[in-house]
Amino acid sequence: MNIAFFLVPKDQVIYLSPHSTIRQALERMEYHRYSAVPLVDDQGRYAGTITEGDLLWKLKRSPEIGFEHAHKVQLKDVPQHMAIKPVRIDQQMQDLITLATRQNYVPVIDDSEVFIGIIRRSDIIDYCFKLWQSEQKI
């Protein structure tokens, strides 16, 4: 199966720039109820994923920032504690599933490493469950 079947295109994905601030990330995550958001650089390349934990650890380790100064700290200055790895759009299904077992979503990039969207783990599980159900009826 082609992994493009599961793709949520970039224009439907909430993402941030590494130049966005901690405050912008917190507000976007709260509004959309996400615990992690992909980062996309100025050239459109996937630049990692920022998580709530990354933001909390940065604020804990830098008490001088506090929420009142969170608009001054860019996400590029926040260490990412989880390596959310992308998959290329032309990779095999087993590559996708391997990553999805450890990640809530898998960023998808093209041949030039440009971010083109994500694949949600829940969509893969739903597909596999429906496939399993259809096999049970045989």
# chains A, B, ... in the order shown; residues from 1 in each chain; ligands from 1
$ select_by_dssp --residues "chain A" --states "strand (DSSP E)" --output "list in words"
Val8, Pro9, Ala36, Val37, Pro38, Leu39, Val40, Tyr46, Ala47, Gly48, Thr49, Ile50, Thr51, Val87, Arg88, Tyr105, Val106, Pro107, Val108, Ile109, Phe115, Ile116, Gly117, Ile118, Ile119 and Arg120 of chain A
$ write_last_selection --atoms "N, CA, C and O atoms" --output "JSON list (two decimals), in the first residue's frame"
[["chain", "number", "residue", "atom", "x", "y", "z"],
["A", 8, "VAL", "N", -2.21, 13.54, 5.50],
["A", 8, "VAL", "CA", -2.94, 14.78, 5.78],
["A", 8, "VAL", "C", -2.06, 15.88, 5.21],
["A", 8, "VAL", "O", -0.95, 16.11, 5.71],
["A", 9, "PRO", "N", -2.50, 16.56, 4.13],
["A", 9, "PRO", "CA", -1.63, 17.52, 3.46],
["A", 9, "PRO", "C", -1.27, 18.73, 4.33],
["A", 9, "PRO", "O", -2.01, 19.10, 5.24],
["A", 36, "ALA", "N", 1.86, 18.25, 20.56],
["A", 36, "ALA", "CA", 3.07, 18.38, 19.76],
["A", 36, "ALA", "C", 2.71, 19.02, 18.42],
["A", 36, "ALA", "O", 1.61, 18.80, 17.91],
["A", 37, "VAL", "N", 3.65, 19.80, 17.88],
["A", 37, "VAL", "CA", 3.43, 20.49, 16.61],
["A", 37, "VAL", "C", 4.71, 20.42, 15.79],
["A", 37, "VAL", "O", 5.80, 20.68, 16.32],
["A", 38, "PRO", "N", 4.61, 20.07, 14.50],
["A", 38, "PRO", "CA", 5.80, 20.06, 13.66],
["A", 38, "PRO", "C", 6.34, 21.48, 13.43],
["A", 38, "PRO", "O", 5.57, 22.44, 13.42],
["A", 39, "LEU", "N", 7.65, 21.54, 13.24],
["A", 39, "LEU", "CA", 8.30, 22.80, 12.89],
["A", 39, "LEU", "C", 8.74, 22.73, 11.44],
["A", 39, "LEU", "O", 9.31, 21.72, 11.00],
["A", 40, "VAL", "N", 8.48, 23.79, 10.69],
["A", 40, "VAL", "CA", 8.82, 23.86, 9.28],
["A", 40, "VAL", "C", 9.63, 25.14, 9.07],
["A", 40, "VAL", "O", 9.17, 26.23, 9.42],
["A", 46, "TYR", "N", 11.11, 20.13, 6.97],
["A", 46, "TYR", "CA", 10.77, 19.68, 8.32],
["A", 46, "TYR", "C", 11.97, 19.95, 9.23],
["A", 46, "TYR", "O", 13.10, 19.56, 8.93],
["A", 47, "ALA", "N", 11.74, 20.65, 10.36],
["A", 47, "ALA", "CA", 12.82, 21.03, 11.26],
["A", 47, "ALA", "C", 12.65, 20.43, 12.65],
["A", 47, "ALA", "O", 13.24, 20.92, 13.61],
["A", 48, "GLY", "N", 11.83, 19.41, 12.78],
["A", 48, "GLY", "CA", 11.62, 18.76, 14.07],
["A", 48, "GLY", "C", 10.21, 18.98, 14.57],
["A", 48, "GLY", "O", 9.35, 19.51, 13.87],
["A", 49, "THR", "N", 10.00, 18.56, 15.80],
["A", 49, "THR", "CA", 8.69, 18.69, 16.43],
["A", 49, "THR", "C", 8.88, 19.26, 17.82],
["A", 49, "THR", "O", 9.75, 18.81, 18.57],
["A", 50, "ILE", "N", 8.08, 20.24, 18.15],
["A", 50, "ILE", "CA", 8.12, 20.82, 19.50],
["A", 50, "ILE", "C", 6.96, 20.22, 20.29],
["A", 50, "ILE", "O", 5.85, 20.10, 19.77],
["A", 51, "THR", "N", 7.24, 19.79, 21.50],
["A", 51, "THR", "CA", 6.21, 19.17, 22.34],
["A", 51, "THR", "C", 5.93, 20.03, 23.57],
["A", 51, "THR", "O", 6.73, 20.90, 23.92],
["A", 87, "VAL", "N", 9.11, 10.48, 7.44],
["A", 87, "VAL", "CA", 9.18, 9.42, 6.45],
["A", 87, "VAL", "C", 9.07, 10.10, 5.08],
["A", 87, "VAL", "O", 8.39, 11.11, 4.94],
["A", 88, "ARG", "N", 9.77, 9.54, 4.11],
["A", 88, "ARG", "CA", 9.64, 10.07, 2.74],
["A", 88, "ARG", "C", 8.36, 9.52, 2.12],
["A", 88, "ARG", "O", 7.98, 8.39, 2.40],
["A", 105, "TYR", "N", 2.20, 10.91, 15.42],
["A", 105, "TYR", "CA", 2.07, 11.20, 14.00],
["A", 105, "TYR", "C", 3.45, 11.09, 13.38],
["A", 105, "TYR", "O", 4.47, 11.15, 14.07],
["A", 106, "VAL", "N", 3.46, 10.92, 12.07],
["A", 106, "VAL", "CA", 4.71, 10.82, 11.34],
["A", 106, "VAL", "C", 4.74, 11.95, 10.31],
["A", 106, "VAL", "O", 3.88, 12.00, 9.43],
["A", 107, "PRO", "N", 5.72, 12.85, 10.42],
["A", 107, "PRO", "CA", 5.86, 13.89, 9.40],
["A", 107, "PRO", "C", 6.26, 13.24, 8.07],
["A", 107, "PRO", "O", 6.99, 12.25, 8.05],
["A", 108, "VAL", "N", 5.78, 13.80, 6.97],
["A", 108, "VAL", "CA", 6.08, 13.27, 5.65],
["A", 108, "VAL", "C", 6.82, 14.34, 4.86],
["A", 108, "VAL", "O", 6.40, 15.50, 4.84],
["A", 109, "ILE", "N", 7.91, 13.92, 4.21],
["A", 109, "ILE", "CA", 8.71, 14.84, 3.41],
["A", 109, "ILE", "C", 8.84, 14.29, 1.99],
["A", 109, "ILE", "O", 8.64, 13.11, 1.76],
["A", 115, "PHE", "N", 8.61, 19.51, 3.79],
["A", 115, "PHE", "CA", 7.48, 19.00, 4.56],
["A", 115, "PHE", "C", 6.21, 19.06, 3.70],
["A", 115, "PHE", "O", 5.87, 20.12, 3.18],
["A", 116, "ILE", "N", 5.54, 17.92, 3.55],
["A", 116, "ILE", "CA", 4.32, 17.91, 2.73],
["A", 116, "ILE", "C", 3.08, 17.50, 3.53],
["A", 116, "ILE", "O", 1.98, 17.53, 3.00],
["A", 117, "GLY", "N", 3.25, 17.12, 4.79],
["A", 117, "GLY", "CA", 2.10, 16.76, 5.61],
["A", 117, "GLY", "C", 2.46, 15.79, 6.70],
["A", 117, "GLY", "O", 3.64, 15.58, 7.01],
["A", 118, "ILE", "N", 1.44, 15.19, 7.28],
["A", 118, "ILE", "CA", 1.64, 14.21, 8.35],
["A", 118, "ILE", "C", 0.75, 13.00, 8.10],
["A", 118, "ILE", "O", -0.21, 13.06, 7.34],
["A", 119, "ILE", "N", 1.09, 11.93, 8.79],
["A", 119, "ILE", "CA", 0.23, 10.75, 8.85],
["A", 119, "ILE", "C", -0.01, 10.48, 10.33],
["A", 119, "ILE", "O", 0.94, 10.35, 11.11],
["A", 120, "ARG", "N", -1.28, 10.43, 10.70],
["A", 120, "ARG", "CA", -1.64, 10.21, 12.10],
["A", 120, "ARG", "C", -1.65, 8.72, 12.42],
["A", 120, "ARG", "O", -2.16, 7.92, 11.63]]
$ residues_around --residues "stretch 20-26 of chain A" --least-positions-apart "3" --cutoff "9 Å" --atoms "only C-alpha atoms" --output "list in words"
Leu16, Ser17, Met29, Glu30, Tyr31, Val37, Ile50, Glu52, Leu55, Phe67, Glu68, His69, Ala70, His71, Lys72, Val73, Gln74, Leu75, Lys76 and Val78 of chain A
$ write_last_selection --atoms "C-alpha atoms" --output "tab-separated table (two decimals), in the first residue's frame"
chain	number	residue	atom	x	y	z
A	16	LEU	CA	5.03	26.44	13.37
A	17	SER	CA	8.30	28.02	12.31
A	29	MET	CA	-1.34	23.93	21.18
A	30	GLU	CA	-3.97	25.00	23.70
A	31	TYR	CA	-6.39	26.17	21.02
A	37	VAL	CA	3.43	20.49	16.61
A	50	ILE	CA	8.12	20.82	19.50
A	52	GLU	CA	4.50	20.45	25.45
A	55	LEU	CA	8.26	23.88	26.39
A	67	PHE	CA	5.09	33.20	30.84
A	68	GLU	CA	5.41	36.99	30.78
A	69	HIS	CA	8.57	36.70	28.63
A	70	ALA	CA	7.58	33.61	26.62
A	71	HIS	CA	6.98	35.86	23.60
A	72	LYS	CA	10.73	36.64	23.51
A	73	VAL	CA	12.06	33.06	23.18
A	74	GLN	CA	12.04	31.42	19.76
A	75	LEU	CA	11.37	27.71	19.34
A	76	LYS	CA	14.78	27.23	17.69
A	78	VAL	CA	14.10	25.22	22.84
$ closest_residue --among "A:Asp41, A:Pro79, A:Ala100, A:Met93" --to "A:Glu113" --atoms "only C-alpha atoms"
A:Asp41
$ closest_residue --among "A:Asn2, A:Ser35, A:Asp54, A:Gly66" --to "A:Gln91" --atoms "only C-alpha atoms"
A:Asn2
$ select_by_dssp --residues "stretch 41-74 of chain A" --states "alpha helix (DSSP H)" --output "count of residues only"
10
$ atom_distance --atom1 "atom CA of A:Arg102" --atom2 "atom CA of A:Arg121"
9.2 Å
$ closest_residue --among "A:His19, A:Gly44, A:His32, A:Gly53" --to "A:Asp77" --atoms "only C-alpha atoms"
A:His19
